[in-house]
>>> print(open('my_file-v4.pdb').read())   # PDB, C-alpha atoms and all ligand atoms
ATOM      1  CA  MET A   1       0.000   0.000   0.000  1.00  0.00           C
ATOM      2  CA  PRO A   2       2.591   2.735   0.912  1.00  0.00           C
ATOM      3  CA  VAL A   3       4.202   2.743  -2.535  1.00  0.00           C
ATOM      4  CA  SER A   4       5.611   6.065  -3.676  1.00  0.00           C
ATOM      5  CA  PRO A   5       7.549   5.911  -6.939  1.00  0.00           C
ATOM      6  CA  LEU A   6       8.789   8.973  -8.780  1.00  0.00           C
ATOM      7  CA  SER A   7      10.210   6.839 -11.557  1.00  0.00           C
ATOM      8  CA  ILE A   8      10.104   3.222 -12.646  1.00  0.00           C
ATOM      9  CA  ARG A   9      12.946   2.061 -14.895  1.00  0.00           C
ATOM     10  CA  VAL A  10      11.594  -0.421 -17.459  1.00  0.00           C
ATOM     11  CA  ASP A  11      14.816  -1.029 -19.403  1.00  0.00           C
ATOM     12  CA  ASP A  12      17.663   0.937 -21.011  1.00  0.00           C
ATOM     13  CA  GLU A  13      15.237   2.841 -23.253  1.00  0.00           C
ATOM     14  CA  ILE A  14      12.058   3.259 -21.245  1.00  0.00           C
ATOM     15  CA  GLU A  15      11.292   5.016 -17.971  1.00  0.00           C
ATOM     16  CA  LEU A  16       7.896   5.711 -16.350  1.00  0.00           C
ATOM     17  CA  ARG A  17       7.695   8.979 -14.419  1.00  0.00           C
ATOM     18  CA  LEU A  18       4.963   9.812 -11.965  1.00  0.00           C
ATOM     19  CA  HIS A  19       2.952  12.780 -13.235  1.00  0.00           C
ATOM     20  CA  GLU A  20       4.335  16.038 -11.909  1.00  0.00           C
ATOM     21  CA  GLN A  21       3.527  19.656 -12.631  1.00  0.00           C
ATOM     22  CA  ARG A  22       6.989  20.206 -14.144  1.00  0.00           C
ATOM     23  CA  TYR A  23       6.053  17.911 -17.062  1.00  0.00           C
ATOM     24  CA  ALA A  24       2.715  19.634 -17.685  1.00  0.00           C
ATOM     25  CA  GLU A  25       3.689  21.543 -20.865  1.00  0.00           C
ATOM     26  CA  GLU A  26       5.394  18.557 -22.514  1.00  0.00           C
ATOM     27  CA  PHE A  27       2.545  16.248 -21.578  1.00  0.00           C
ATOM     28  CA  TYR A  28      -0.050  18.601 -23.000  1.00  0.00           C
ATOM     29  CA  THR A  29       1.903  19.162 -26.234  1.00  0.00           C
ATOM     30  CA  LEU A  30       2.168  15.397 -26.758  1.00  0.00           C
ATOM     31  CA  THR A  31      -1.513  14.813 -25.980  1.00  0.00           C
ATOM     32  CA  ARG A  32      -2.664  17.665 -28.215  1.00  0.00           C
ATOM     33  CA  ARG A  33      -0.546  16.362 -31.112  1.00  0.00           C
ATOM     34  CA  ASN A  34      -2.189  12.938 -30.764  1.00  0.00           C
ATOM     35  CA  ILE A  35      -5.834  13.904 -30.320  1.00  0.00           C
ATOM     36  CA  GLU A  36      -6.951  12.527 -33.679  1.00  0.00           C
ATOM     37  CA  HIS A  37      -4.989   9.306 -33.075  1.00  0.00           C
ATOM     38  CA  LEU A  38      -6.555   8.857 -29.629  1.00  0.00           C
ATOM     39  CA  ARG A  39     -10.061   9.993 -30.515  1.00  0.00           C
ATOM     40  CA  PRO A  40     -11.493   6.643 -31.666  1.00  0.00           C
ATOM     41  CA  TRP A  41     -10.730   4.947 -28.319  1.00  0.00           C
ATOM     42  CA  MET A  42     -10.430   7.580 -25.604  1.00  0.00           C
ATOM     43  CA  PRO A  43     -13.699   9.334 -24.689  1.00  0.00           C
ATOM     44  CA  TRP A  44     -11.874  12.412 -23.377  1.00  0.00           C
ATOM     45  CA  ALA A  45      -9.966  13.035 -26.655  1.00  0.00           C
ATOM     46  CA  LYS A  46     -12.166  15.807 -28.026  1.00  0.00           C
ATOM     47  CA  PRO A  47     -11.144  18.063 -30.933  1.00  0.00           C
ATOM     48  CA  ASP A  48     -11.109  21.132 -28.661  1.00  0.00           C
ATOM     49  CA  TYR A  49      -8.959  19.432 -25.956  1.00  0.00           C
ATOM     50  CA  SER A  50      -7.165  22.271 -24.158  1.00  0.00           C
ATOM     51  CA  PHE A  51      -4.255  22.900 -21.802  1.00  0.00           C
ATOM     52  CA  GLU A  52      -6.832  23.413 -19.039  1.00  0.00           C
ATOM     53  CA  ASP A  53      -8.289  19.958 -19.742  1.00  0.00           C
ATOM     54  CA  SER A  54      -4.808  18.456 -19.556  1.00  0.00           C
ATOM     55  CA  GLN A  55      -4.078  20.303 -16.303  1.00  0.00           C
ATOM     56  CA  ALA A  56      -7.377  19.179 -14.788  1.00  0.00           C
ATOM     57  CA  TYR A  57      -6.562  15.551 -15.654  1.00  0.00           C
ATOM     58  CA  MET A  58      -3.036  15.795 -14.205  1.00  0.00           C
ATOM     59  CA  GLN A  59      -4.253  17.437 -10.992  1.00  0.00           C
ATOM     60  CA  ALA A  60      -7.030  14.910 -10.475  1.00  0.00           C
ATOM     61  CA  SER A  61      -4.787  11.930 -11.184  1.00  0.00           C
ATOM     62  CA  MET A  62      -2.075  13.194  -8.824  1.00  0.00           C
ATOM     63  CA  GLU A  63      -4.667  13.737  -6.097  1.00  0.00           C
ATOM     64  CA  ASP A  64      -5.934  10.205  -6.672  1.00  0.00           C
ATOM     65  CA  PHE A  65      -2.340   8.968  -6.459  1.00  0.00           C
ATOM     66  CA  ALA A  66      -1.956  10.689  -3.079  1.00  0.00           C
ATOM     67  CA  ARG A  67      -5.126   8.907  -1.930  1.00  0.00           C
ATOM     68  CA  GLY A  68      -3.784   5.562  -3.213  1.00  0.00           C
ATOM     69  CA  GLN A  69      -6.461   5.270  -5.890  1.00  0.00           C
ATOM     70  CA  GLN A  70      -4.325   5.639  -9.051  1.00  0.00           C
ATOM     71  CA  LEU A  71      -0.779   5.370 -10.348  1.00  0.00           C
ATOM     72  CA  PRO A  72      -0.499   7.866 -13.243  1.00  0.00           C
ATOM     73  CA  THR A  73       2.793   7.999 -15.140  1.00  0.00           C
ATOM     74  CA  SER A  74       4.140   9.390 -18.382  1.00  0.00           C
ATOM     75  CA  ILE A  75       6.277   7.168 -20.619  1.00  0.00           C
ATOM     76  CA  TRP A  76       9.781   8.392 -21.531  1.00  0.00           C
ATOM     77  CA  TYR A  77      11.512   6.668 -24.413  1.00  0.00           C
ATOM     78  CA  ARG A  78      15.154   7.534 -25.013  1.00  0.00           C
ATOM     79  CA  GLY A  79      14.640  10.707 -22.974  1.00  0.00           C
ATOM     80  CA  HIS A  80      11.489  11.911 -24.765  1.00  0.00           C
ATOM     81  CA  ILE A  81       7.922  11.766 -23.544  1.00  0.00           C
ATOM     82  CA  VAL A  82       5.890   9.434 -25.766  1.00  0.00           C
ATOM     83  CA  GLY A  83       2.734   8.469 -23.900  1.00  0.00           C
ATOM     84  CA  ALA A  84       1.012   7.593 -20.659  1.00  0.00           C
ATOM     85  CA  ILE A  85       0.481   4.404 -18.706  1.00  0.00           C
ATOM     86  CA  GLY A  86      -0.558   3.526 -15.199  1.00  0.00           C
ATOM     87  CA  PHE A  87      -3.210   2.157 -12.906  1.00  0.00           C
ATOM     88  CA  PRO A  88      -6.266   4.323 -13.595  1.00  0.00           C
ATOM     89  CA  ARG A  89      -8.157   2.294 -10.994  1.00  0.00           C
ATOM     90  CA  ILE A  90      -6.803   0.611  -7.879  1.00  0.00           C
ATOM     91  CA  GLN A  91      -9.093  -1.567  -5.775  1.00  0.00           C
ATOM     92  CA  HIS A  92      -7.262  -2.271  -2.525  1.00  0.00           C
ATOM     93  CA  MET A  93     -10.119  -4.316  -1.062  1.00  0.00           C
ATOM     94  CA  ARG A  94      -9.806  -6.694  -3.999  1.00  0.00           C
ATOM     95  CA  ARG A  95      -5.996  -6.420  -4.186  1.00  0.00           C
ATOM     96  CA  MET A  96      -6.132  -5.540  -7.811  1.00  0.00           C
ATOM     97  CA  ALA A  97      -5.469  -2.775 -10.314  1.00  0.00           C
ATOM     98  CA  GLU A  98      -6.351  -2.011 -13.893  1.00  0.00           C
ATOM     99  CA  ILE A  99      -3.657  -0.935 -16.356  1.00  0.00           C
ATOM    100  CA  GLY A 100      -4.432   1.713 -18.982  1.00  0.00           C
ATOM    101  CA  TYR A 101      -2.183   3.222 -21.661  1.00  0.00           C
ATOM    102  CA  TRP A 102      -1.772   5.299 -24.802  1.00  0.00           C
ATOM    103  CA  LEU A 103       1.180   6.017 -27.039  1.00  0.00           C
ATOM    104  CA  ASP A 104       2.346   8.671 -29.485  1.00  0.00           C
ATOM    105  CA  LYS A 105       1.319   7.614 -32.985  1.00  0.00           C
ATOM    106  CA  ASP A 106       4.933   7.753 -34.200  1.00  0.00           C
ATOM    107  CA  ALA A 107       6.226   5.644 -31.303  1.00  0.00           C
ATOM    108  CA  GLN A 108       4.006   2.655 -32.078  1.00  0.00           C
ATOM    109  CA  GLY A 109       5.447  -0.653 -33.239  1.00  0.00           C
ATOM    110  CA  LYS A 110       8.539  -0.683 -30.973  1.00  0.00           C
ATOM    111  CA  GLY A 111       7.092  -2.705 -28.115  1.00  0.00           C
ATOM    112  CA  ILE A 112       7.143   0.307 -25.790  1.00  0.00           C
ATOM    113  CA  ILE A 113       3.691  -0.387 -24.334  1.00  0.00           C
ATOM    114  CA  THR A 114       4.221  -4.124 -24.067  1.00  0.00           C
ATOM    115  CA  ARG A 115       7.513  -3.600 -22.222  1.00  0.00           C
ATOM    116  CA  ALA A 116       6.067  -0.872 -19.973  1.00  0.00           C
ATOM    117  CA  THR A 117       2.984  -2.978 -19.211  1.00  0.00           C
ATOM    118  CA  SER A 118       5.130  -5.957 -18.335  1.00  0.00           C
ATOM    119  CA  ALA A 119       7.129  -3.816 -15.893  1.00  0.00           C
ATOM    120  CA  LEU A 120       3.938  -2.435 -14.343  1.00  0.00           C
ATOM    121  CA  VAL A 121       2.479  -5.905 -13.895  1.00  0.00           C
ATOM    122  CA  THR A 122       5.622  -6.922 -12.003  1.00  0.00           C
ATOM    123  CA  TYR A 123       5.390  -3.664 -10.025  1.00  0.00           C
ATOM    124  CA  ALA A 124       1.756  -4.376  -9.130  1.00  0.00           C
ATOM    125  CA  PHE A 125       2.584  -7.798  -7.758  1.00  0.00           C
ATOM    126  CA  GLN A 126       5.973  -7.103  -6.169  1.00  0.00           C
ATOM    127  CA  GLU A 127       5.607  -3.561  -4.818  1.00  0.00           C
ATOM    128  CA  TYR A 128       1.877  -3.204  -4.192  1.00  0.00           C
ATOM    129  CA  GLY A 129       1.348  -6.859  -3.307  1.00  0.00           C
ATOM    130  CA  PHE A 130      -1.708  -7.117  -5.548  1.00  0.00           C
ATOM    131  CA  ASN A 131      -3.238 -10.440  -6.517  1.00  0.00           C
ATOM    132  CA  LYS A 132      -4.633  -9.494  -9.919  1.00  0.00           C
ATOM    133  CA  VAL A 133      -4.150  -7.049 -12.778  1.00  0.00           C
ATOM    134  CA  GLU A 134      -6.728  -6.321 -15.439  1.00  0.00           C
ATOM    135  CA  ILE A 135      -6.600  -4.655 -18.855  1.00  0.00           C
ATOM    136  CA  HIS A 136      -9.824  -3.453 -20.472  1.00  0.00           C
ATOM    137  CA  ALA A 137     -10.036  -2.741 -24.204  1.00  0.00           C
ATOM    138  CA  ALA A 138     -12.807  -2.005 -26.651  1.00  0.00           C
ATOM    139  CA  ALA A 139     -13.479  -5.111 -28.717  1.00  0.00           C
ATOM    140  CA  GLY A 140     -12.506  -3.384 -31.955  1.00  0.00           C
ATOM    141  CA  ASN A 141      -9.225  -1.960 -30.582  1.00  0.00           C
ATOM    142  CA  LYS A 142      -6.911  -4.608 -32.022  1.00  0.00           C
ATOM    143  CA  ARG A 143      -3.627  -2.876 -31.149  1.00  0.00           C
ATOM    144  CA  SER A 144      -4.653  -2.449 -27.531  1.00  0.00           C
ATOM    145  CA  ARG A 145      -5.927  -6.024 -27.221  1.00  0.00           C
ATOM    146  CA  ALA A 146      -2.666  -7.334 -28.670  1.00  0.00           C
ATOM    147  CA  VAL A 147      -0.775  -6.049 -25.600  1.00  0.00           C
ATOM    148  CA  PRO A 148      -2.363  -8.330 -22.931  1.00  0.00           C
ATOM    149  CA  GLU A 149      -2.548 -11.159 -25.460  1.00  0.00           C
ATOM    150  CA  ARG A 150       1.209 -10.826 -26.133  1.00  0.00           C
ATOM    151  CA  LEU A 151       1.884 -10.906 -22.386  1.00  0.00           C
ATOM    152  CA  GLY A 152      -0.174 -14.046 -21.776  1.00  0.00           C
ATOM    153  CA  PHE A 153      -3.207 -12.496 -20.056  1.00  0.00           C
ATOM    154  CA  THR A 154      -6.408 -14.531 -20.047  1.00  0.00           C
ATOM    155  CA  GLN A 155      -9.461 -13.129 -21.800  1.00  0.00           C
ATOM    156  CA  GLU A 156     -12.065 -13.354 -19.044  1.00  0.00           C
ATOM    157  CA  GLY A 157     -15.171 -11.931 -20.581  1.00  0.00           C
ATOM    158  CA  ILE A 158     -16.893  -9.339 -22.691  1.00  0.00           C
ATOM    159  CA  LEU A 159     -19.134  -6.656 -21.239  1.00  0.00           C
ATOM    160  CA  ARG A 160     -21.659  -5.868 -23.927  1.00  0.00           C
ATOM    161  CA  GLN A 161     -21.944  -2.243 -25.038  1.00  0.00           C
ATOM    162  CA  TYR A 162     -20.058  -1.152 -21.909  1.00  0.00           C
ATOM    163  CA  GLU A 163     -18.146   1.718 -23.526  1.00  0.00           C
ATOM    164  CA  TRP A 164     -19.708   4.772 -25.096  1.00  0.00           C
ATOM    165  CA  LEU A 165     -17.292   6.244 -27.605  1.00  0.00           C
ATOM    166  CA  HIS A 166     -18.354   9.199 -29.701  1.00  0.00           C
ATOM    167  CA  ASP A 167     -22.040   8.358 -29.889  1.00  0.00           C
ATOM    168  CA  THR A 168     -21.499   4.643 -30.467  1.00  0.00           C
ATOM    169  CA  PRO A 169     -21.640   1.772 -27.945  1.00  0.00           C
ATOM    170  CA  HIS A 170     -18.717  -0.674 -27.915  1.00  0.00           C
ATOM    171  CA  ASP A 171     -18.268  -4.073 -26.276  1.00  0.00           C
ATOM    172  CA  LEU A 172     -15.469  -4.114 -23.682  1.00  0.00           C
ATOM    173  CA  VAL A 173     -13.070  -7.061 -23.436  1.00  0.00           C
ATOM    174  CA  ILE A 174     -11.631  -7.840 -19.990  1.00  0.00           C
ATOM    175  CA  TYR A 175      -8.196  -9.454 -19.706  1.00  0.00           C
ATOM    176  CA  GLY A 176      -6.783 -10.684 -16.393  1.00  0.00           C
ATOM    177  CA  MET A 177      -3.449 -11.843 -14.979  1.00  0.00           C
ATOM    178  CA  LEU A 178      -3.121 -13.419 -11.525  1.00  0.00           C
ATOM    179  CA  ALA A 179      -0.016 -13.000  -9.383  1.00  0.00           C
ATOM    180  CA  SER A 180       0.423 -16.787  -9.295  1.00  0.00           C
ATOM    181  CA  GLU A 181       0.281 -16.984 -13.113  1.00  0.00           C
ATOM    182  CA  TRP A 182       2.827 -14.171 -13.549  1.00  0.00           C
ATOM    183  CA  GLN A 183       5.169 -15.775 -11.060  1.00  0.00           C
ATOM    184  CA  ALA A 184       4.909 -19.091 -12.896  1.00  0.00           C
ATOM    185  CA  LYS A 185       5.879 -17.509 -16.219  1.00  0.00           C
TER     186      LYS A 185
HETATM  187  C1  LIG B 201      -2.880   0.717 -28.032  1.00  0.00           C
HETATM  188  C2  LIG B 201      -1.476   1.250 -28.310  1.00  0.00           C
HETATM  189  C3  LIG B 201      -0.920   1.815 -26.995  1.00  0.00           C
HETATM  190  C4  LIG B 201      -0.611   0.080 -28.824  1.00  0.00           C
HETATM  191  O1  LIG B 201       0.629   0.569 -29.282  1.00  0.00           O
HETATM  192  P1  LIG B 201       1.648  -0.461 -30.026  1.00  0.00           P
HETATM  193  O2  LIG B 201       2.809   0.320 -30.460  1.00  0.00           O
HETATM  194  O3  LIG B 201       0.894  -1.267 -31.008  1.00  0.00           O
HETATM  195  O4  LIG B 201       2.068  -1.454 -28.843  1.00  0.00           O
HETATM  196  P2  LIG B 201       3.569  -1.762 -28.402  1.00  0.00           P
HETATM  197  O5  LIG B 201       4.246  -0.481 -28.053  1.00  0.00           O
HETATM  198  O6  LIG B 201       3.498  -2.793 -27.356  1.00  0.00           O
HETATM  199  O7  LIG B 201       4.243  -2.311 -29.732  1.00  0.00           O
HETATM  200  C5  LIG B 201       3.864  -3.559 -30.274  1.00  0.00           C
HETATM  201  C6  LIG B 201       4.450  -3.677 -31.664  1.00  0.00           C
HETATM  202  O8  LIG B 201       5.870  -3.515 -31.575  1.00  0.00           O
HETATM  203  C7  LIG B 201       6.513  -4.746 -31.986  1.00  0.00           C
HETATM  204  N1  LIG B 201       7.684  -4.922 -31.098  1.00  0.00           N
HETATM  205  C8  LIG B 201       8.928  -4.522 -31.402  1.00  0.00           C
HETATM  206  N2  LIG B 201       9.757  -4.759 -30.375  1.00  0.00           N
HETATM  207  C9  LIG B 201       9.016  -5.343 -29.412  1.00  0.00           C
HETATM  208  C10 LIG B 201       9.313  -5.817 -28.096  1.00  0.00           C
HETATM  209  N3  LIG B 201      10.537  -5.745 -27.582  1.00  0.00           N
HETATM  210  N4  LIG B 201       8.299  -6.323 -27.351  1.00  0.00           N
HETATM  211  C11 LIG B 201       7.054  -6.410 -27.848  1.00  0.00           C
HETATM  212  N5  LIG B 201       6.714  -5.967 -29.083  1.00  0.00           N
HETATM  213  C12 LIG B 201       7.692  -5.440 -29.871  1.00  0.00           C
HETATM  214  C13 LIG B 201       5.436  -5.797 -31.881  1.00  0.00           C
HETATM  215  O9  LIG B 201       5.693  -6.869 -32.750  1.00  0.00           O
HETATM  216  C14 LIG B 201       4.221  -5.020 -32.314  1.00  0.00           C
HETATM  217  O10 LIG B 201       4.273  -4.804 -33.698  1.00  0.00           O
HETATM  218  P3  LIG B 201       2.960  -4.908 -34.628  1.00  0.00           P
HETATM  219  O11 LIG B 201       2.064  -3.780 -34.226  1.00  0.00           O
HETATM  220  O12 LIG B 201       3.516  -4.759 -35.994  1.00  0.00           O
HETATM  221  O13 LIG B 201       2.349  -6.225 -34.334  1.00  0.00           O
HETATM  222  C15 LIG B 201      -1.490   2.394 -29.365  1.00  0.00           C
HETATM  223  O14 LIG B 201      -1.930   1.877 -30.597  1.00  0.00           O
HETATM  224  C16 LIG B 201      -2.395   3.557 -28.968  1.00  0.00           C
HETATM  225  O15 LIG B 201      -1.985   4.440 -28.233  1.00  0.00           O
HETATM  226  N6  LIG B 201      -3.663   3.578 -29.460  1.00  0.00           N
HETATM  227  C17 LIG B 201      -4.592   4.657 -29.186  1.00  0.00           C
HETATM  228  C18 LIG B 201      -4.987   4.740 -27.730  1.00  0.00           C
HETATM  229  C19 LIG B 201      -5.537   3.427 -27.220  1.00  0.00           C
HETATM  230  O16 LIG B 201      -6.225   2.710 -27.919  1.00  0.00           O
HETATM  231  N7  LIG B 201      -5.252   3.123 -25.933  1.00  0.00           N
HETATM  232  C20 LIG B 201      -5.718   1.895 -25.295  1.00  0.00           C
HETATM  233  C21 LIG B 201      -7.106   2.041 -24.827  1.00  0.00           C
HETATM  234  S1  LIG B 201      -7.686   0.514 -24.109  1.00  0.00           S
END
>>> encode(input="my_file-v4.pdb", output="structure tokens", more="lines below")
Ligand SMILES: CC(C)(COP(=O)(O)OP(=O)(O)OC[C@H]1O[C@@H](n2cnc3c(N)ncnc32)[C@H](O)[C@@H]1OP(=O)(O)O)[C@@H](O)C(=O)NCCC(=O)NCCS
Amino acid sequence: MPVSPLSIRVDDEIELRLHEQRYAEEFYTLTRRNIEHLRPWMPWAKPDYSFEDSQAYMQASMEDFARGQQLPTSIWYRGHIVGAIGFPRIQHMRRMAEIGYWLDKDAQGKGIITRATSALVTYAFQEYGFNKVEIHAAAGNKRSRAVPERLGFTQEGILRQYEWLHDTPHDLVIYGMLASEWQAK
């Protein structure tokens, strides 16, 4: 429970940094540049997404981190910010967390998210002592679904029309990994 990272080193190329106000400009610039890329899958990615929206998200996520309800980090690849990943929802009573992520369009295809997710799964089990990690993805989001599938997560179910993305309902696929399964890998 009392986990307080400022940075998680994934490998020689990738580092996850806890959101901090000093990264606000860079984080907004990256998000703004990727709005069209993110729009199909992220409900908050609106065409008029502003610096104030970005600030409000960062503030809220850092407050949730302080309350132990989230772990929000930015992804740094070879010293440049390229995306975001973290636990958008932590359920201490159930000893579990959900992992969420997005990546700069131009940084796709290098395994950055798969590597970062793998490190966060280990972090969830080793540092937080969780028992389970989940990843949720819209059924049609093939690139996102490929991440838990690549890492050996089990597809546990589909919640029908559980996501509402830009005036259209989408089925949500739930993937799960247990601490015992990860340890056995
Ligand atoms: C979902 C998203 C994060 C996936 O990004 P991605 O680049 O496909 O995922 P990864 O960074 O793990 O890269 C995987 C690719 O790199 C390749 N790769 C290269 N080196 C690799 C390595 N060391 N490990 C794993 N994969 C590697 C894989 O083969 C794969 O290539 P492919 O796409 O040709 O099959 C990205 O498409 C995105 O941000 N989408 C919009 C937002 C979104 O949908 N977020 C998720 C909401 S649930």
>>> residues_near_ligand(input="my_file-v4.pdb", ligand="ligand LIG 201 (chain B)", cutoff="7 Å", atoms="only C-alpha atoms and all ligand atoms", output="PyMOL selection string")
chain A and resi 37-38+41-42+100-105+107-115+136-138+141+143-144+147
>>> atom_distance(input="my_file-v4.pdb", atom1="CA of Glu163 (chain A)", atom2="CA of Arg32 (chain A)")
22.7 Å
>>> atom_distance(input="my_file-v4.pdb", atom1="CA of Gln183 (chain A)", atom2="CA of Glu13 (chain A)")
24.4 Å
>>> closest_residue(input="my_file-v4.pdb", among="A:Met62, A:Val133, A:Ile35, A:Ala56", to="Leu6 (chain A)", atoms="all atoms listed in the file")
A:Met62
>>> closest_residue(input="my_file-v4.pdb", among="A:Ser50, A:Thr117, A:Gln70, A:Asn131", to="Glu149 (chain A)", atoms="all atoms listed in the file")
A:Thr117
>>> closest_residue(input="my_file-v4.pdb", among="A:Tyr175, A:Val121, A:Lys132, A:Asn34", to="Ala146 (chain A)", atoms="all atoms listed in the file")
A:Tyr175
>>> closest_residue(input="my_file-v4.pdb", among="A:Tyr23, A:Tyr128, A:Tyr49, A:Trp76", to="Pro5 (chain A)", atoms="only C-alpha atoms")
A:Tyr128
>>> residues_around(input="my_file-v4.pdb", residues="region 91-93 of chain A", least_positions_apart="4", cutoff="9 Å", atoms="all atoms listed in the file", output="list in words")
Met1, Gly68, Gln69, Ala97, Glu98 and Phe130 of chain A
>>> closest_residue(input="my_file-v4.pdb", among="A:Trp182, A:Phe51, A:Phe65, A:Tyr162", to="Thr122 (chain A)", atoms="only C-alpha atoms")
A:Trp182
>>> atom_distance(input="my_file-v4.pdb", atom1="CA of Gly83 (chain A)", atom2="CA of Asp171 (chain A)")
24.6 Å
>>> residues_around(input="my_file-v4.pdb", residues="Leu16 (chain A)", least_positions_apart="3", cutoff="12 Å", atoms="only C-alpha atoms", output="tab-separated table (two decimals) with C-alpha atoms, in the frame of the given file")
chain	number	residue	atom	x	y	z
A	5	PRO	CA	7.55	5.91	-6.94
A	6	LEU	CA	8.79	8.97	-8.78
A	7	SER	CA	10.21	6.84	-11.56
A	8	ILE	CA	10.10	3.22	-12.65
A	9	ARG	CA	12.95	2.06	-14.90
A	10	VAL	CA	11.59	-0.42	-17.46
A	11	ASP	CA	14.82	-1.03	-19.40
A	12	ASP	CA	17.66	0.94	-21.01
A	13	GLU	CA	15.24	2.84	-23.25
A	19	HIS	CA	2.95	12.78	-13.24
A	20	GLU	CA	4.34	16.04	-11.91
A	71	LEU	CA	-0.78	5.37	-10.35
A	72	PRO	CA	-0.50	7.87	-13.24
A	73	THR	CA	2.79	8.00	-15.14
A	74	SER	CA	4.14	9.39	-18.38
A	75	ILE	CA	6.28	7.17	-20.62
A	76	TRP	CA	9.78	8.39	-21.53
A	77	TYR	CA	11.51	6.67	-24.41
A	78	ARG	CA	15.15	7.53	-25.01
A	79	GLY	CA	14.64	10.71	-22.97
A	80	HIS	CA	11.49	11.91	-24.76
A	81	ILE	CA	7.92	11.77	-23.54
A	82	VAL	CA	5.89	9.43	-25.77
A	83	GLY	CA	2.73	8.47	-23.90
A	84	ALA	CA	1.01	7.59	-20.66
A	85	ILE	CA	0.48	4.40	-18.71
A	86	GLY	CA	-0.56	3.53	-15.20
A	101	TYR	CA	-2.18	3.22	-21.66
A	112	ILE	CA	7.14	0.31	-25.79
A	113	ILE	CA	3.69	-0.39	-24.33
A	115	ARG	CA	7.51	-3.60	-22.22
A	116	ALA	CA	6.07	-0.87	-19.97
A	117	THR	CA	2.98	-2.98	-19.21
A	119	ALA	CA	7.13	-3.82	-15.89
A	120	LEU	CA	3.94	-2.44	-14.34
A	123	TYR	CA	5.39	-3.66	-10.02
>>> axis_aligned_box(input="my_file-v4.pdb", around="region 39-45 of chain A", padding_each_side="6 Å", output="AutoDock Vina command-line options")
--center_x -11.8 --center_y 9.0 --center_z -27.5 --size_x 15.7 --size_y 20.1 --size_z 20.3
>>> closest_residue(input="my_file-v4.pdb", among="A:Pro148, A:Gly140, A:Gly176, A:Pro88", to="Met58 (chain A)", atoms="all atoms listed in the file")
A:Pro88
